[in-house]
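Asks: Before I ask anything, here is the structure I am working with.
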Amino acid sequence: MAQSSDQFCGYCGKPQVPGQRACPYCGNPYGGTYSGPLENAHDPTKLTPPEGTPKPSQPIWGNTPGPYSGAMPSVPPPPFPSFSGNTPPPQISGVMPLVVPPPGNTSAGIQIQGAGKRQLPVGKIIIGQGVALLLLLVFVVVLLVRPSSPTNPGVGQGVVPSATAIPATATFPTQAATSTSTPSPTLGTAPTPTSTPGTTVASGVASPALPLRLHCDCTDRVLVTINQIVIQPDQNRMLWSLTFYNNSQNGAGASFADGNFYLQQGDQINNPAPGEPTYGATGPVIGTFSGIGLKAGETKQVMVTFSFLPYTNTTYTFVSIMQVDCCGQEIVRFDLVLFTFK
């Protein structure tokens, strides 16, 4: 809190003592200010009022000898009052005392009496300025090294750039999806085959109609008929039920040698393609010379297995070459048959 000038002695500048009309330090009445001439103005150590001026009970500043030469008070002066607002500073006569640091203290961090703050040493100030410059240099380097932002905000942010935007009226050719995953097989069952591009696994025969009797340009002693075809996707197989009938008056044997009973992918009648994949069958009449024996007029049922699954929208060519009796004494080449599945 700031103190007004009427709270100090106008002669010695010391604070007024409440209840006193005169300053107990200099003996002058409160409310006045000494403005007369000073003697010995040429010597600041002997500044004294002229004759006739009331003598203070306490010496005026500059008249008391001290350990230092010059105008030095014997007692440290009181703290300077703080002023706020429009309050004028107190008028103090005489010479303002100097504040001299104690001997031996020559460092830059001198604590000024009444200031209440400690100045930083010059060394710390220099170090602080160096650290600030170093941080500024690092910041500038980071700005220079960092890559510039893309000019096209859509690229790399999951947004289609406007230059390559797809028009709303665009049309695209339809194409069936391609499945590349292979299902894991279940214990005890064969794995389900994957679909080829543009096809799915069939569930039945589309053509020809069954039962179907196989024909040949010959006098066939044994007639062969395909009665039923069952597709089992969970078993990864296709079962064919066949009927063999001995149409002769004598006994006969019927069999198909290895590679003489199979399906080949594609229309091998109208567009032969020998390189297309083939799928052979297995059973009691396939891959053997003896096959089955048939008495005259006898009929027998035989089941053969294809270990693959046909696909829809795909044509297969059925090839069958039968040998009658042992060791291929009579060869019957049945006509090729085109199969499609649904």
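Residues are named by chain letter and number: chains run A, B, ... in the order of the structure tokens, numbers start at 1 in each chain, and ligands are numbered from 1 in the order shown.
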Extract, using only C-alpha atoms, all DNA, RNA and protein residues at most 9 Å from region 249-255 of chain A, discarding same-chain residues fewer than 5 positions from it, and format them as number ranges by chain.
Replies: A: 221-222, 244, 284-298, 321-326
Asks: For the selection just defined, write its residues with C-alpha atoms to a file, as a short mmCIF file (atom, residue, chain, number, x, y, z; two decimals), in the first residue's frame.
Replies:
```
data_model
loop_
_atom_site.label_atom_id
_atom_site.label_comp_id
_atom_site.auth_asym_id
_atom_site.auth_seq_id
_atom_site.Cartn_x
_atom_site.Cartn_y
_atom_site.Cartn_z
CA ARG A 221 -24.39 -108.87 -77.96
CA VAL A 222 -24.50 -107.07 -74.64
CA PHE A 244 -26.01 -105.07 -68.56
CA PRO A 284 -16.43 -103.96 -60.87
CA VAL A 285 -16.56 -103.80 -64.69
CA ILE A 286 -13.79 -101.22 -65.18
CA GLY A 287 -10.07 -101.90 -65.40
CA THR A 288 -10.42 -105.66 -65.66
CA PHE A 289 -10.53 -108.31 -68.40
CA SER A 290 -13.05 -110.59 -66.74
CA GLY A 291 -15.67 -107.97 -65.84
CA ILE A 292 -19.02 -109.60 -65.24
CA GLY A 293 -20.29 -112.86 -66.70
CA LEU A 294 -23.71 -112.96 -68.26
CA LYS A 295 -25.68 -116.05 -69.26
CA ALA A 296 -27.86 -115.94 -72.30
CA GLY A 297 -30.74 -113.52 -71.64
CA GLU A 298 -29.37 -112.54 -68.21
CA ILE A 321 -15.41 -98.85 -75.32
CA MET A 322 -16.54 -102.30 -74.15
CA GLN A 323 -14.87 -105.64 -74.70
CA VAL A 324 -16.95 -108.78 -74.87
CA ASP A 325 -15.50 -112.04 -73.61
CA CYS A 326 -11.95 -112.36 -72.41
#
```
Asks: Considering only C-alpha atoms, can you say which of A:Cys23, A:Leu239, A:Val319, A:Ile126 comes closest to Val332 (chain A)?
Replies: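 Selected residue with least distance to Val332 (chain A): A:Val319.
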Asks: Measure the distance from CA of Phe306 (chain A) to CA of Phe256 (chain A) in Å and round it to one decimal.
Replies: 14.5 Å
Asks: Could you pull the residues within 10 Å of Pro277 (chain A), counting only C-alpha atoms, minus those fewer than 6 positions along the same chain, as a PDB file with C-alpha atoms, in the first residue's frame?
Replies:
```pdb
ATOM      1  CA  LEU A 263     -15.990 -88.188 -69.260  1.00  0.00           C
ATOM      2  CA  GLN A 264     -13.988 -85.514 -71.045  1.00  0.00           C
ATOM      3  CA  GLN A 265     -14.718 -81.826 -70.593  1.00  0.00           C
ATOM      4  CA  GLY A 266     -15.966 -79.990 -73.685  1.00  0.00           C
ATOM      5  CA  TYR A 316     -18.941 -83.197 -71.037  1.00  0.00           C
TER       6      TYR A 316
END
```
Asks: Give me, please, the distance in Å between CA of Ala209 (chain A) and CA of Thr278 (chain A), quoted to one decimal.
Replies: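 We find that CA of Ala209 (chain A) and CA of Thr278 (chain A) lie 22.3 Å from each other.
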Asks: What does the distance from CA of Thr314 (chain A) to CA of Val205 (chain A) come to in Å, to one decimal?
Replies: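 These two atoms are separated by 11.4 Å.
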Asks: Between A:Ile226, A:Val140, A:Ala132, A:Val337, which is the closest to Leu212 (chain A) once you count only C-alpha atoms?
Replies: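 Under the stated criterion, the closest residue is A:Ile226.
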